[in-house]
Amino acid sequence: LAKARGKGRVELFDDELRSRMAARHELDAHLRDALEHGGLRLVYQPVVEVVSGEVTGWEALLRWEHEGRSVPPSEFIPVAEDSDLVCDLDAWVLRRATAQLASWRTARGESDGGPTMAVNLSGRHLADPRVVDHVRDALTAAGLPAQLLVLEVTETVLVDSPAALDHLARLRALGVGIAIDDFGTGYTSIGQLGAMPVDTLKIDRSFVASEDPAQRSLVTLMIQTAHILGLGVVAEGVERVSQLEDLRDDRCDQAQGYLMDRPLEPAEAFARYGAVIAPGVLS
Ligand code: C2E
Ligand code: MG
Ligand code: MG
Ligand code: MG
C-alpha cells in the first residue's frame with residue numbers, strides 16, 4: 001500500500017513538473033517570437049546626482065507585452081536565462097539602448113559629456129565569449145562613445161565565473177563603465193571587490209528601503225566602502241524624501257527610484273533629458 005501511494009505521489013509530482021516545464025517551454029517560444037517579430041520595448045529610468053538632482057544617467061529596462069498583459073522581467077528573464085535566448089535578448093537591448101541615447105544626444109546637439117545609459121547584462125551573457133562583440137558592435141552601430149555606456153552585472157556572476165571576469169576586463173578596456181547591480185545581496189568580500197574591474201556599486205533597494213537602523217547603517221558602510229575603493233555609488237529604489245536626505249548626508253553619489261521617476265517611455269524620458277529632479281531635499 002505504502003509503495004502504491006508512494007508511486008502515486010511520484011506520478012503527481014511528474015505531472016506537475018511536466019506541466020510547469022511545458023509552460024516554461026511555451027513562454028520561451030513566445031519570447032523568441034517577440035524578439036524576432038516585435039513585442040519587446042525598453043523603458044528608461046533616470047538616475048540623478050544626489051547633491052544637484054541633475055539627471056546624469058538612464059537605466060534601460062526591458063518590457064514584454066504578451067497576450068494583452070505586460071509580463072514583468074522577473075518572470076521572463078529567468079526563463080530566458082535557461083538558454084542562450086538571454087544573450088540574444090541582451091544583445092537586442094544593447095543595440096536599442098545605445099541607439100536611443102545616440103539619437104537623444106543628436107536631438108540635443110550634445111557633443112561631449114551628458115548622461116550615461118546603463119544596460120543590465122545577464123550572468124549567462126557575460127560568461128559567453130560573444131559578449132565583447134555584442135557590446136562593441138552596439139557602440140559602433142550607434143556611434144556612441146564607450147564612456148557613455150554602463151554595464152550592470154551582479155556580484156554572484158563575478159565571483160562564480162573566471163570567464164565572466166575576463167570578459168569584464170576586456171569590456172572595461174573598451175572604455176565602458178561597469179556597475180555591480182543589487183550590491184549587498186551577494187557574497188563579495190571587500191578584498192575581492194577591490195580587485196574587480198568595476199567603477200560603481202548600486203546598493204540594492206532592500207537596504208535603501210529598510211526601516212531597520214542596522215540595515216540603514218549598512219548603507220552608510222557600503223557608501224564609505226565604495227569611496228575608499230575609489231568607486232561611485234548609486235542607491236536603488238529610493239521612494240521617500242527621508243531616504244534621499246539620509247543618502248545626501250552619507251554622501252551617496254547618485255540615486256534612482258520612484259521618488260525621482262518611474263521607468264519612462266522614450267518620449268517621456270526625453271522630456272527629462274538635461275532636467276533637474278530634486279524632490280524637495282535640496283531646498
Ligand atoms: P534591476 O536591474 O535591479 O532594476 C531595478 C528594478 O527596480 C526595475 O524593475 C525597476 O523598475 C525597479 N525600481 C526602480 N525604482 C524603484 C523603486 O523606487 N521602488 C521599487 N519598488 N522598484 C523600483 P524591473 O524593470 O521590473 O526589472 C527587474 C529586474 O529585471 C532588473 O533589476 C534586472 O535585473 C532585470 N532586467 C530588466 N531589464 C533587463 C534586461 O534588459 N536584461 C537583463 N538581463 N535583465 C533585465
Ligand atoms: Mg539594473
Ligand atoms: Mg538592481
Ligand atoms: Mg534588483
# chains A, B, ... in the order shown; residues from 1 in each chain; ligands from 1
call {"tool": "residues_around", "arguments": {"residues": "A:Gln192", "least_positions_apart": "3", "cutoff": "12 Å", "atoms": "only C-alpha atoms", "output": "list in words"}}
result
Glu155, Thr156, Leu158, Val159, Asp160, Leu165, Tyr187, Thr188, Ser189, Ala195, Met196, Pro197, Val198 and Leu229 of chain A
call {"tool": "closest_atom_pairs", "arguments": {"of": "chain A", "to": "ligand 4", "cutoff": "9 Å", "atoms": "only C-alpha atoms and all ligand atoms", "output": "Markdown table"}}
result
| residue | atom | partner | partner_atom_place_in_ligand_line | distance |
| --- | --- | --- | --- | --- |
| A:Asp181 | CA | ligand 4 | 1 (Mg) | 6.9 |
| A:Asp182 | CA | ligand 4 | 1 (Mg) | 5.1 |
| A:Phe183 | CA | ligand 4 | 1 (Mg) | 8.9 |
| A:Asp204 | CA | ligand 4 | 1 (Mg) | 6.3 |
| A:Arg205 | CA | ligand 4 | 1 (Mg) | 6.9 |
| A:Ser206 | CA | ligand 4 | 1 (Mg) | 8.7 |
| A:Glu236 | CA | ligand 4 | 1 (Mg) | 8.0 |
| A:Gly237 | CA | ligand 4 | 1 (Mg) | 8.6 |
call {"tool": "select_by_dssp", "arguments": {"residues": "stretch 1-51 of chain A", "states": "strand (DSSP E or B)", "output": "VMD selection string"}}
result
chain A and resid 40 to 49
call {"tool": "write_last_selection", "arguments": {"atoms": "N, CA, C and O atoms", "output": "mmCIF file, in the first residue's frame"}}
result
data_model
loop_
_atom_site.group_PDB
_atom_site.id
_atom_site.type_symbol
_atom_site.label_atom_id
_atom_site.label_comp_id
_atom_site.auth_asym_id
_atom_site.auth_seq_id
_atom_site.Cartn_x
_atom_site.Cartn_y
_atom_site.Cartn_z
ATOM 1 N N LEU A 40 8.653 43.473 -27.771
ATOM 2 C CA LEU A 40 9.555 43.933 -26.712
ATOM 3 C C LEU A 40 9.781 45.430 -26.860
ATOM 4 O O LEU A 40 9.800 45.953 -27.963
ATOM 5 N N ARG A 41 9.941 46.099 -25.744
ATOM 6 C CA ARG A 41 10.326 47.505 -25.816
ATOM 7 C C ARG A 41 11.133 47.868 -24.577
ATOM 8 O O ARG A 41 11.168 47.105 -23.608
ATOM 9 N N LEU A 42 11.767 49.028 -24.637
ATOM 10 C CA LEU A 42 12.559 49.478 -23.494
ATOM 11 C C LEU A 42 11.908 50.688 -22.853
ATOM 12 O O LEU A 42 11.348 51.535 -23.540
ATOM 13 N N VAL A 43 11.989 50.743 -21.531
ATOM 14 C CA VAL A 43 11.639 51.948 -20.794
ATOM 15 C C VAL A 43 12.916 52.419 -20.096
ATOM 16 O O VAL A 43 13.857 51.631 -19.921
ATOM 17 N N TYR A 44 12.930 53.699 -19.728
ATOM 18 C CA TYR A 44 14.175 54.295 -19.228
ATOM 19 C C TYR A 44 13.928 55.010 -17.907
ATOM 20 O O TYR A 44 13.091 55.897 -17.827
ATOM 21 N N GLN A 45 14.666 54.598 -16.883
ATOM 22 C CA GLN A 45 14.517 55.252 -15.576
ATOM 23 C C GLN A 45 15.702 56.185 -15.329
ATOM 24 O O GLN A 45 16.850 55.779 -15.485
ATOM 25 N N PRO A 46 15.403 57.441 -14.947
ATOM 26 C CA PRO A 46 16.514 58.363 -14.704
ATOM 27 C C PRO A 46 17.317 58.022 -13.448
ATOM 28 O O PRO A 46 16.760 57.525 -12.469
ATOM 29 N N VAL A 47 18.594 58.308 -13.522
ATOM 30 C CA VAL A 47 19.497 58.226 -12.370
ATOM 31 C C VAL A 47 19.951 59.661 -12.122
ATOM 32 O O VAL A 47 20.387 60.334 -13.063
ATOM 33 N N VAL A 48 19.817 60.144 -10.893
ATOM 34 C CA VAL A 48 20.170 61.542 -10.631
ATOM 35 C C VAL A 48 21.357 61.673 -9.681
ATOM 36 O O VAL A 48 21.621 60.780 -8.861
ATOM 37 N N GLU A 49 22.057 62.779 -9.823
ATOM 38 C CA GLU A 49 23.112 63.104 -8.876
ATOM 39 C C GLU A 49 22.433 63.611 -7.602
ATOM 40 O O GLU A 49 21.575 64.505 -7.675
#
call {"tool": "atom_distance", "arguments": {"atom1": "atom CA of A:Pro162", "atom2": "atom CA of A:Val131"}}
result
14.3 Å
call {"tool": "residues_near_ligand", "arguments": {"ligand": "ligand 3", "cutoff": "12 Å", "atoms": "only C-alpha atoms and all ligand atoms", "output": "PyMOL selection string"}}
result
chain A and resi 45+59-61+74+118-121+151-155+179-186+201-208+234-238+255-257
call {"tool": "write_last_selection", "arguments": {"atoms": "C-alpha atoms", "output": "short mmCIF file (atom, residue, chain, number, x, y, z; two decimals), in the first residue's frame"}}
result
data_model
loop_
_atom_site.label_atom_id
_atom_site.label_comp_id
_atom_site.auth_asym_id
_atom_site.auth_seq_id
_atom_site.Cartn_x
_atom_site.Cartn_y
_atom_site.Cartn_z
CA GLN A 45 14.52 55.25 -15.58
CA GLU A 59 18.83 52.63 -16.94
CA ALA A 60 17.22 50.71 -19.80
CA LEU A 61 14.65 48.18 -18.57
CA SER A 74 11.20 38.84 -13.01
CA ALA A 118 23.04 51.64 -18.26
CA VAL A 119 22.10 48.20 -19.57
CA ASN A 120 21.64 45.04 -17.49
CA LEU A 121 23.74 42.06 -18.54
CA LEU A 151 27.02 47.63 -17.98
CA GLU A 152 25.24 46.38 -14.87
CA VAL A 153 26.23 42.94 -13.61
CA THR A 154 25.54 41.11 -10.36
CA GLU A 155 28.13 40.10 -7.77
CA ALA A 179 28.42 48.72 -12.20
CA ILE A 180 27.67 45.99 -9.69
CA ASP A 181 23.88 45.73 -9.51
CA ASP A 182 21.89 44.74 -6.41
CA PHE A 183 25.03 45.20 -4.33
CA GLY A 184 24.81 43.76 -0.84
CA THR A 185 22.71 40.75 -1.81
CA GLY A 186 25.70 38.61 -2.85
CA LEU A 201 28.22 49.97 -6.82
CA LYS A 202 24.44 50.02 -7.00
CA ILE A 203 23.14 49.42 -3.50
CA ASP A 204 20.18 47.06 -3.55
CA ARG A 205 16.74 48.51 -2.87
CA SER A 206 16.17 46.17 0.09
CA PHE A 207 18.82 48.08 2.11
CA VAL A 208 17.78 51.53 0.93
CA VAL A 234 24.12 54.63 -6.74
CA ALA A 235 21.26 53.94 -4.33
CA GLU A 236 18.44 51.96 -5.94
CA GLY A 237 14.74 52.08 -5.12
CA VAL A 238 14.57 55.49 -3.44
CA ALA A 255 20.08 57.86 -6.66
CA GLN A 256 17.40 56.09 -8.65
CA GLY A 257 13.82 55.32 -7.67
#
call {"tool": "closest_residue", "arguments": {"among": "A:Pro73, A:Gly53, A:Pro213, A:Pro78", "to": "ligand 2", "atoms": "only C-alpha atoms and all ligand atoms"}}
result
A:Pro73
call {"tool": "atom_distance", "arguments": {"atom1": "atom CA of A:Ala80", "atom2": "atom CA of A:Ala22"}}
result
14.3 Å
call {"tool": "select_by_dssp", "arguments": {"residues": "stretch 160-189 of chain A", "states": "alpha helix (DSSP H)", "output": "list in words"}}
result
Asp160, Pro162, Ala163, Ala164, Leu165, Asp166, His167, Leu168, Ala169, Arg170, Leu171, Arg172, Ala173 and Leu174 of chain A
call {"tool": "write_last_selection", "arguments": {"atoms": "all heavy atoms", "output": "compact mmCIF listing (two decimals), in the first residue's frame"}}
result
# COMPACT_ATOMS: atom_id res chain seq x y z
N ASP A 160 31.59 33.72 -9.31
CA ASP A 160 31.45 32.34 -9.78
C ASP A 160 32.22 32.01 -11.05
O ASP A 160 32.59 30.87 -11.27
CB ASP A 160 29.97 32.00 -10.05
CG ASP A 160 29.18 31.91 -8.76
OD1 ASP A 160 29.82 31.93 -7.70
OD2 ASP A 160 27.95 31.84 -8.83
N PRO A 162 35.28 32.66 -13.80
CA PRO A 162 36.52 33.28 -14.27
C PRO A 162 36.36 33.85 -15.68
O PRO A 162 36.93 34.90 -16.00
CB PRO A 162 37.53 32.15 -14.26
CG PRO A 162 36.93 31.06 -13.43
CD PRO A 162 35.45 31.23 -13.50
N ALA A 163 35.56 33.16 -16.54
CA ALA A 163 35.35 33.65 -17.91
C ALA A 163 34.66 35.02 -17.88
O ALA A 163 35.06 35.94 -18.58
CB ALA A 163 34.51 32.66 -18.71
N ALA A 164 33.66 35.14 -17.01
CA ALA A 164 32.93 36.40 -16.90
C ALA A 164 33.87 37.53 -16.48
O ALA A 164 33.83 38.64 -17.02
CB ALA A 164 31.78 36.27 -15.90
N LEU A 165 34.75 37.24 -15.53
CA LEU A 165 35.71 38.24 -15.05
C LEU A 165 36.64 38.69 -16.18
O LEU A 165 36.94 39.88 -16.34
CB LEU A 165 36.55 37.67 -13.92
CG LEU A 165 36.23 38.11 -12.51
CD1 LEU A 165 37.23 37.53 -11.54
CD2 LEU A 165 36.23 39.64 -12.41
N ASP A 166 37.08 37.70 -16.97
CA ASP A 166 37.95 38.00 -18.10
C ASP A 166 37.23 38.89 -19.12
O ASP A 166 37.79 39.89 -19.60
CB ASP A 166 38.40 36.68 -18.74
CG ASP A 166 39.17 36.91 -20.04
OD1 ASP A 166 40.18 37.62 -19.99
OD2 ASP A 166 38.73 36.41 -21.09
N HIS A 167 35.98 38.54 -19.44
CA HIS A 167 35.21 39.35 -20.40
C HIS A 167 34.99 40.75 -19.87
O HIS A 167 35.05 41.73 -20.61
CB HIS A 167 33.86 38.68 -20.71
CG HIS A 167 34.01 37.32 -21.32
ND1 HIS A 167 33.06 36.35 -21.22
CD2 HIS A 167 35.03 36.77 -22.02
CE1 HIS A 167 33.47 35.26 -21.83
NE2 HIS A 167 34.67 35.48 -22.32
N LEU A 168 34.75 40.83 -18.57
CA LEU A 168 34.51 42.13 -17.97
C LEU A 168 35.73 43.04 -18.09
O LEU A 168 35.62 44.23 -18.40
CB LEU A 168 34.14 41.95 -16.49
CG LEU A 168 33.31 43.06 -15.92
CD1 LEU A 168 31.96 43.12 -16.63
CD2 LEU A 168 33.09 42.84 -14.43
N ALA A 169 36.91 42.45 -17.87
CA ALA A 169 38.14 43.22 -18.00
C ALA A 169 38.30 43.72 -19.44
O ALA A 169 38.70 44.87 -19.68
CB ALA A 169 39.34 42.38 -17.58
N ARG A 170 37.94 42.86 -20.41
CA ARG A 170 38.05 43.27 -21.82
C ARG A 170 37.03 44.34 -22.17
O ARG A 170 37.32 45.26 -22.96
CB ARG A 170 37.90 42.04 -22.73
CG ARG A 170 39.17 41.19 -22.71
CD ARG A 170 38.97 39.80 -23.24
NE ARG A 170 38.44 39.78 -24.59
CZ ARG A 170 37.89 38.71 -25.17
NH1 ARG A 170 37.80 37.58 -24.49
NH2 ARG A 170 37.46 38.77 -26.39
N LEU A 171 35.84 44.23 -21.58
CA LEU A 171 34.83 45.26 -21.82
C LEU A 171 35.27 46.59 -21.24
O LEU A 171 35.11 47.65 -21.84
CB LEU A 171 33.49 44.83 -21.20
CG LEU A 171 32.78 43.70 -21.94
CD1 LEU A 171 31.66 43.11 -21.09
CD2 LEU A 171 32.23 44.23 -23.27
N ARG A 172 35.85 46.52 -20.07
CA ARG A 172 36.28 47.75 -19.41
C ARG A 172 37.39 48.42 -20.21
O ARG A 172 37.48 49.64 -20.28
CB ARG A 172 36.74 47.48 -18.00
CG ARG A 172 36.74 48.72 -17.15
CD ARG A 172 36.67 48.32 -15.72
NE ARG A 172 36.76 49.42 -14.80
CZ ARG A 172 37.78 49.61 -13.99
NH1 ARG A 172 38.80 48.79 -14.02
NH2 ARG A 172 37.76 50.62 -13.15
N ALA A 173 38.23 47.57 -20.83
CA ALA A 173 39.31 48.10 -21.67
C ALA A 173 38.74 48.86 -22.87
O ALA A 173 39.40 49.75 -23.42
CB ALA A 173 40.24 46.97 -22.12
N LEU A 174 37.53 48.53 -23.30
CA LEU A 174 36.89 49.28 -24.39
C LEU A 174 36.54 50.70 -23.93
O LEU A 174 36.32 51.59 -24.75
CB LEU A 174 35.57 48.61 -24.82
CG LEU A 174 35.57 47.26 -25.50
CD1 LEU A 174 34.13 46.82 -25.78
CD2 LEU A 174 36.36 47.31 -26.79
call {"tool": "residues_around", "arguments": {"residues": "A:His30", "least_positions_apart": "3", "cutoff": "12 Å", "atoms": "only C-alpha atoms", "output": "number ranges by chain"}}
result
A: 23-27, 33-40, 64-67, 71, 76, 79-80, 85
call {"tool": "write_last_selection", "arguments": {"atoms": "C-alpha atoms", "output": "short mmCIF file (atom, residue, chain, number, x, y, z; two decimals), in the first residue's frame"}}
result
data_model
loop_
_atom_site.label_atom_id
_atom_site.label_comp_id
_atom_site.auth_asym_id
_atom_site.auth_seq_id
_atom_site.Cartn_x
_atom_site.Cartn_y
_atom_site.Cartn_z
CA ALA A 23 4.67 26.32 -19.53
CA ARG A 24 8.28 27.50 -19.39
CA HIS A 25 8.92 25.99 -22.79
CA GLU A 26 5.93 27.83 -24.22
CA LEU A 27 6.99 31.12 -22.62
CA ASP A 33 8.88 35.16 -31.29
CA ALA A 34 8.62 38.58 -29.62
CA LEU A 35 12.34 39.13 -30.11
CA GLU A 36 12.08 38.34 -33.82
CA HIS A 37 8.71 39.88 -34.65
CA GLY A 38 8.16 42.65 -32.10
CA GLY A 39 6.52 42.80 -28.67
CA LEU A 40 9.56 43.93 -26.71
CA TRP A 64 7.31 42.49 -22.83
CA GLU A 65 3.72 42.83 -23.96
CA HIS A 66 2.30 39.35 -24.33
CA GLU A 67 -1.30 38.21 -24.87
CA VAL A 71 4.95 40.28 -18.35
CA PHE A 76 10.64 36.13 -18.26
CA VAL A 79 13.16 31.65 -18.37
CA ALA A 80 15.40 33.32 -20.94
CA LEU A 85 17.98 33.27 -25.55
#
call {"tool": "residues_around", "arguments": {"residues": "stretch 107-110 of chain A", "least_positions_apart": "3", "cutoff": "10 Å", "atoms": "only C-alpha atoms", "output": "PyMOL selection string"}}
result
chain A and resi 101-104+113-114+270+273-274
call {"tool": "residues_around", "arguments": {"residues": "A:Ile228", "least_positions_apart": "6", "cutoff": "12 Å", "atoms": "only C-alpha atoms", "output": "list in words"}}
result
Ile190, Gly191, Leu193, Gly194, Leu221 and Met222 of chain A
call {"tool": "atom_distance", "arguments": {"atom1": "atom CA of A:Gly232", "atom2": "atom CA of A:Leu244"}}
result
16.4 Å
call {"tool": "closest_residue", "arguments": {"among": "A:Arg69, A:Ala267, A:Ala29, A:Met117", "to": "ligand 2", "atoms": "only C-alpha atoms and all ligand atoms"}}
result
A:Met117
call {"tool": "closest_residue", "arguments": {"among": "A:Glu54, A:Glu245, A:Leu144, A:Ile178", "to": "ligand 2", "atoms": "only C-alpha atoms and all ligand atoms"}}
result
A:Ile178
call {"tool": "closest_residue", "arguments": {"among": "A:Glu265, A:Ala91, A:Thr225, A:Ser70", "to": "A:Asp128", "atoms": "only C-alpha atoms"}}
result
A:Ala91
call {"tool": "closest_residue", "arguments": {"among": "A:Met260, A:Ala214, A:Ala138, A:Leu149", "to": "ligand 1", "atoms": "only C-alpha atoms and all ligand atoms"}}
result
A:Met260
